[in-house]
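A.B. asks: Below is the file target38.cif, which contains mmCIF, C-alpha atoms.
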```
data_my_file
#
loop_
_atom_site.group_PDB
_atom_site.id
_atom_site.type_symbol
_atom_site.label_atom_id
_atom_site.label_comp_id
_atom_site.auth_asym_id
_atom_site.auth_seq_id
_atom_site.Cartn_x
_atom_site.Cartn_y
_atom_site.Cartn_z
ATOM 1 C CA MET P 1 39.821 -17.844 19.776
ATOM 2 C CA ASP P 2 38.363 -18.451 16.354
ATOM 3 C CA SER P 3 39.347 -18.040 12.702
ATOM 4 C CA ILE P 4 38.485 -14.316 12.794
ATOM 5 C CA ASP P 5 40.900 -13.732 15.690
ATOM 6 C CA LEU P 6 43.563 -15.687 13.796
ATOM 7 C CA LYS P 7 43.003 -13.525 10.702
ATOM 8 C CA ILE P 8 43.331 -10.356 12.809
ATOM 9 C CA ILE P 9 46.552 -11.664 14.392
ATOM 10 C CA SER P 10 47.970 -12.695 11.028
ATOM 11 C CA THR P 11 47.176 -9.333 9.440
ATOM 12 C CA LEU P 12 48.594 -7.310 12.346
ATOM 13 C CA SER P 13 51.748 -9.438 12.436
ATOM 14 C CA ARG P 14 52.434 -8.511 8.809
ATOM 15 C CA ASN P 15 51.487 -4.849 9.251
ATOM 16 C CA ALA P 16 50.860 -3.532 12.757
ATOM 17 C CA ARG P 17 49.625 -0.259 11.259
ATOM 18 C CA THR P 18 46.620 -1.889 9.598
ATOM 19 C CA THR P 19 43.632 0.217 10.604
ATOM 20 C CA VAL P 20 40.632 -1.175 12.437
ATOM 21 C CA LYS P 21 38.525 -0.190 9.430
ATOM 22 C CA GLU P 22 40.752 -2.238 7.095
ATOM 23 C CA LEU P 23 40.668 -5.201 9.482
ATOM 24 C CA ALA P 24 36.891 -4.952 9.731
ATOM 25 C CA GLU P 25 36.595 -5.106 5.944
ATOM 26 C CA GLN P 26 38.874 -8.157 5.783
ATOM 27 C CA VAL P 27 37.016 -10.148 8.452
ATOM 28 C CA PHE P 28 33.507 -8.884 7.587
ATOM 29 C CA LEU P 29 32.756 -7.391 11.013
ATOM 30 C CA SER P 30 32.018 -3.888 12.254
ATOM 31 C CA SER P 31 34.880 -1.691 13.428
ATOM 32 C CA PRO P 32 33.640 -1.782 17.081
ATOM 33 C CA ALA P 33 33.529 -5.600 16.959
ATOM 34 C CA VAL P 34 37.121 -5.734 15.649
ATOM 35 C CA THR P 35 38.255 -3.231 18.289
ATOM 36 C CA SER P 36 36.670 -5.412 20.980
ATOM 37 C CA ARG P 37 38.467 -8.499 19.660
ATOM 38 C CA ILE P 38 41.826 -6.683 19.517
ATOM 39 C CA GLU P 39 41.367 -5.422 23.094
ATOM 40 C CA LYS P 40 40.634 -8.984 24.271
ATOM 41 C CA LEU P 41 43.694 -10.336 22.431
ATOM 42 C CA GLU P 42 45.790 -7.632 24.118
ATOM 43 C CA LYS P 43 44.228 -8.280 27.550
ATOM 44 C CA ASP P 44 44.924 -12.018 27.175
ATOM 45 C CA LYS P 45 48.546 -11.175 26.190
ATOM 46 C CA ILE P 46 48.160 -12.913 22.828
ATOM 47 C CA ILE P 47 49.066 -9.590 21.231
ATOM 48 C CA LYS P 48 51.938 -8.423 23.431
ATOM 49 C CA GLY P 49 52.922 -5.305 21.519
ATOM 50 C CA TYR P 50 53.324 -3.562 18.199
ATOM 51 C CA HIS P 51 56.734 -3.161 16.610
ATOM 52 C CA ALA P 52 58.477 -1.304 13.825
ATOM 53 C CA ASP P 53 60.922 -3.007 11.456
ATOM 54 C CA ILE P 54 64.056 -0.892 11.959
ATOM 55 C CA ASP P 55 67.113 -0.684 9.706
ATOM 56 C CA PHE P 56 69.687 -0.546 12.493
ATOM 57 C CA GLU P 57 72.613 0.013 10.122
ATOM 58 C CA LYS P 58 71.132 3.401 9.242
ATOM 59 C CA LEU P 59 71.151 4.180 12.973
ATOM 60 C CA GLY P 60 74.844 3.352 13.270
ATOM 61 C CA VAL P 61 74.471 -0.170 14.672
ATOM 62 C CA LEU P 62 77.172 -1.852 12.635
ATOM 63 C CA CYS P 63 77.963 -4.955 14.665
ATOM 64 C CA SER P 64 75.465 -7.773 15.226
ATOM 65 C CA ALA P 65 76.322 -11.152 16.666
ATOM 66 C CA VAL P 66 74.937 -14.404 17.982
ATOM 67 C CA ILE P 67 76.468 -15.653 21.217
ATOM 68 C CA ASN P 68 76.310 -19.252 22.365
ATOM 69 C CA PHE P 69 76.771 -19.125 26.110
ATOM 70 C CA THR P 70 77.415 -21.665 28.852
ATOM 71 C CA LEU P 71 76.430 -20.289 32.244
ATOM 72 C CA ASP P 72 78.268 -21.042 35.472
ATOM 73 C CA SER P 73 75.255 -22.340 37.432
ATOM 74 C CA ASP P 74 76.311 -20.572 40.641
ATOM 75 C CA LEU P 75 75.765 -17.185 38.984
ATOM 76 C CA GLU P 76 72.362 -17.651 37.346
ATOM 77 C CA THR P 77 70.481 -14.881 39.192
ATOM 78 C CA GLU P 78 73.277 -12.364 38.678
ATOM 79 C CA PHE P 79 73.612 -13.353 35.009
ATOM 80 C CA LEU P 80 69.885 -12.958 34.318
ATOM 81 C CA ASN P 81 69.828 -9.547 36.020
ATOM 82 C CA TYR P 82 72.867 -8.453 34.018
ATOM 83 C CA ILE P 83 71.398 -9.599 30.675
ATOM 84 C CA LYS P 84 68.056 -7.920 31.374
ATOM 85 C CA SER P 85 69.887 -4.653 32.067
ATOM 86 C CA GLN P 86 71.744 -4.668 28.735
ATOM 87 C CA PRO P 87 69.805 -2.928 25.925
ATOM 88 C CA GLN P 88 72.228 -4.333 23.336
ATOM 89 C CA VAL P 89 70.956 -7.851 24.116
ATOM 90 C CA LYS P 90 67.973 -8.105 21.796
ATOM 91 C CA LYS P 91 67.071 -11.694 22.614
ATOM 92 C CA CYS P 92 68.328 -14.215 25.143
ATOM 93 C CA LEU P 93 66.959 -17.740 25.064
ATOM 94 C CA CYS P 94 67.478 -20.557 27.543
ATOM 95 C CA ILE P 95 68.140 -23.633 25.403
ATOM 96 C CA THR P 96 68.867 -27.347 25.548
ATOM 97 C CA GLY P 97 72.071 -28.893 24.259
ATOM 98 C CA GLU P 98 75.708 -27.998 24.605
ATOM 99 C CA PHE P 99 75.044 -24.388 25.689
ATOM 100 C CA THR P 100 72.675 -22.970 28.292
ATOM 101 C CA HIS P 101 71.732 -19.786 26.418
ATOM 102 C CA ILE P 102 71.827 -18.214 22.989
ATOM 103 C CA MET P 103 71.757 -14.448 22.512
ATOM 104 C CA ARG P 104 71.362 -12.015 19.654
ATOM 105 C CA VAL P 105 73.155 -8.749 20.315
ATOM 106 C CA GLN P 106 73.721 -5.452 18.482
ATOM 107 C CA PHE P 107 76.508 -2.933 19.021
ATOM 108 C CA LYS P 108 77.775 0.181 17.289
ATOM 109 C CA SER P 109 81.266 -1.296 16.918
ATOM 110 C CA PRO P 110 83.245 -4.519 17.277
ATOM 111 C CA LYS P 111 85.127 -2.854 20.166
ATOM 112 C CA ALA P 112 81.842 -2.329 22.080
ATOM 113 C CA LEU P 113 80.977 -5.994 21.459
ATOM 114 C CA HIS P 114 84.412 -7.002 22.733
ATOM 115 C CA VAL P 115 83.897 -5.051 25.983
ATOM 116 C CA PHE P 116 80.496 -6.745 26.448
ATOM 117 C CA ILE P 117 81.973 -10.214 25.877
ATOM 118 C CA LYS P 118 84.720 -9.585 28.454
ATOM 119 C CA ARG P 119 82.062 -8.657 31.027
ATOM 120 C CA LEU P 120 79.885 -11.599 29.986
ATOM 121 C CA GLU P 121 82.700 -14.078 30.534
ATOM 122 C CA PHE P 122 82.505 -13.338 34.268
ATOM 123 C CA TYR P 123 79.319 -15.457 34.212
ATOM 124 C CA GLY P 124 80.529 -18.315 32.001
ATOM 125 C CA LYS P 125 81.918 -19.227 28.567
ATOM 126 C CA ALA P 126 80.916 -17.404 25.372
ATOM 127 C CA GLU P 127 81.256 -18.401 21.721
ATOM 128 C CA VAL P 128 80.645 -15.397 19.481
ATOM 129 C CA TYR P 129 79.537 -15.454 15.853
ATOM 130 C CA MET P 130 79.420 -12.195 13.904
ATOM 131 C CA ILE P 131 76.352 -11.819 11.684
ATOM 132 C CA MET P 132 77.489 -11.021 8.164
ATOM 133 C CA ASP P 133 74.075 -10.835 6.463
ATOM 134 C CA CYS P 134 70.440 -11.681 7.154
ATOM 135 C CA VAL P 135 69.076 -14.153 4.624
ATOM 136 C CA LYS P 136 65.572 -14.368 6.130
ATOM 137 C CA ASP P 137 63.838 -12.739 9.096
ATOM 138 C CA GLU P 138 60.207 -13.402 9.806
ATOM 139 C CA SER P 139 60.591 -13.425 13.569
ATOM 140 C CA ALA P 140 57.978 -10.710 14.100
ATOM 141 C CA GLN P 141 55.463 -12.189 11.701
ATOM 142 C CA ALA P 142 52.931 -14.851 12.590
ATOM 143 C CA GLN P 143 53.126 -17.933 10.433
ATOM 144 C CA GLU P 144 49.634 -18.929 9.328
ATOM 145 C CA GLU P 145 50.644 -22.594 9.130
ATOM 146 C CA ILE P 146 51.743 -22.412 12.788
ATOM 147 C CA ILE P 147 48.698 -20.621 14.124
#
```
Any chance you could give the structure as structure tokens?
C.D. replies:
Amino acid sequence: MDSIDLKIISTLSRNARTTVKELAEQVFLSSPAVTSRIEKLEKDKIIKGYHADIDFEKLGVLCSAVINFTLDSDLETEFLNYIKSQPQVKKCLCITGEFTHIMRVQFKSPKALHVFIKRLEFYGKAEVYMIMDCVKDESAQAQEEII
């Protein structure tokens, strides 16, 4: 991986709809050369997918929350299978510290979130924090100072 690959990654992370022609102009390569680099980045799983930035409120998703979760260790396999089967769980991270996992979830209503939490508590203890507003979200964008 070189500085050209990093420029391609950075550009696509800001706008996944950037055309190959536009990328080629930015990195001073031919379109076929840029296509080849993108295909290699995809093959190597450096680029894992392309995503749209969705306004979920406009789709009726009115309840977002972060859940700090402490798993009962005897139920780990069942818990992981359950979480993977739940489309409302947008991210689940295994973490260090007081909790074993942290999740970001989205539901159409607080009642739907409540039902999920009741089912989740079969696997351990949950602390739920409703998201009131998003101050900053660059989770889908590559940070040039990191890469």
A.B. asks: By how many Å are atom CA of P:Cys134 and atom CA of P:Lys45 apart?
C.D. replies: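 According to the coordinates, atom CA of P:Cys134 and atom CA of P:Lys45 are separated by 29.0 Å.
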A.B. asks: Kindly resolve the PyMOL selection byres ((chain P and resi 76-91) around 8) on the present coordinates and return the residues as a PyMOL selection string.
C.D. replies: chain P and resi 71-75+92-93+103-107+123
A.B. asks: Excluding same-chain residues fewer than 5 positions from stretch 3-8 of chain P, what lies within 9 Å of it counting all atoms listed in the file, as a CSV table (one decimal) with C-alpha atoms, keeping the file's coordinate frame?
C.D. replies:
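File out-v9.csv, as written:
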```csv
chain,number,residue,atom,x,y,z
P,13,SER,CA,51.7,-9.4,12.4
P,23,LEU,CA,40.7,-5.2,9.5
P,24,ALA,CA,36.9,-5.0,9.7
P,26,GLN,CA,38.9,-8.2,5.8
P,27,VAL,CA,37.0,-10.1,8.5
P,34,VAL,CA,37.1,-5.7,15.6
P,37,ARG,CA,38.5,-8.5,19.7
P,38,ILE,CA,41.8,-6.7,19.5
P,41,LEU,CA,43.7,-10.3,22.4
P,144,GLU,CA,49.6,-18.9,9.3
P,147,ILE,CA,48.7,-20.6,14.1
```
A.B. asks: Find the residue from P:Val61, P:Ile67, P:Ile117, P:Ala112 that sits nearest to P:Thr100; use only C-alpha atoms when measuring.
C.D. replies: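 Looking at the shortest contact to P:Thr100, the residue is P:Ile67.
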A.B. asks: Looking at all atoms listed in the file, which of P:Ile9, P:Val135, P:Arg14, P:Tyr129 is the one that sits closest to P:Val66?
C.D. replies: P:Tyr129
A.B. asks: I need the output of the PyMOL selection byres ((chain P and resi 50) around 9) for this file as a list in words; which residues are they?
C.D. replies: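 The output of the PyMOL selection byres ((chain P and resi 50) around 9) on this file is Leu12, Ser13, Ala16, Arg17, Ile47, Lys48, Gly49, His51 and Ala52 of chain P.
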A.B. asks: From the options P:Leu29, P:Ile95, P:Ala65, P:Leu113, which residue's atoms come nearest to P:Met132, counting only C-alpha atoms?
C.D. replies: P:Ala65
A.B. asks: Extract, using only C-alpha atoms, all DNA, RNA and protein residues at most 8 Å from P:Thr70, discarding same-chain residues fewer than 5 positions from it, and format them as a count of residues only.
C.D. replies: 7
A.B. asks: Between atom CA of P:Val115 and atom CA of P:Phe69, what is the distance, to one decimal in Å?
C.D. replies: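 So the two atoms, atom CA of P:Val115 and atom CA of P:Phe69, lie 15.8 Å apart.
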A.B. asks: Could you expand the PyMOL selection byres ((chain P and resi 57) around 12) into the explicit residues it covers here, written as an MDAnalysis selection string?
C.D. replies: chainID P and resid 54:56 58:64 106:109 133
A.B. asks: Which centre and which edge lengths, in Å to one decimal, describe the axis-aligned box that holds all listed atoms of stretch 73-81 of chain P after 6 Å is added on each side, as lines of an AutoDock Vina configuration file?
C.D. replies:
```
center_x = 73.1
center_y = -15.9
center_z = 37.5
size_x = 18.5
size_y = 24.8
size_z = 18.3
```
A.B. asks: Report the distance between atom CA of P:Ile46 and atom CA of P:Lys136 in Å, rounded to one decimal place.
C.D. replies: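 Answer for the atom CA of P:Ile46 to atom CA of P:Lys136 separation: 24.2 Å.
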A.B. asks: Would you mind telling me which residue in P:Val20, P:Asp53, P:Ser10, P:Gly97 lies nearest to P:Asp137 when using only C-alpha atoms?
C.D. replies: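 Under the stated criterion, the closest residue is P:Asp53.
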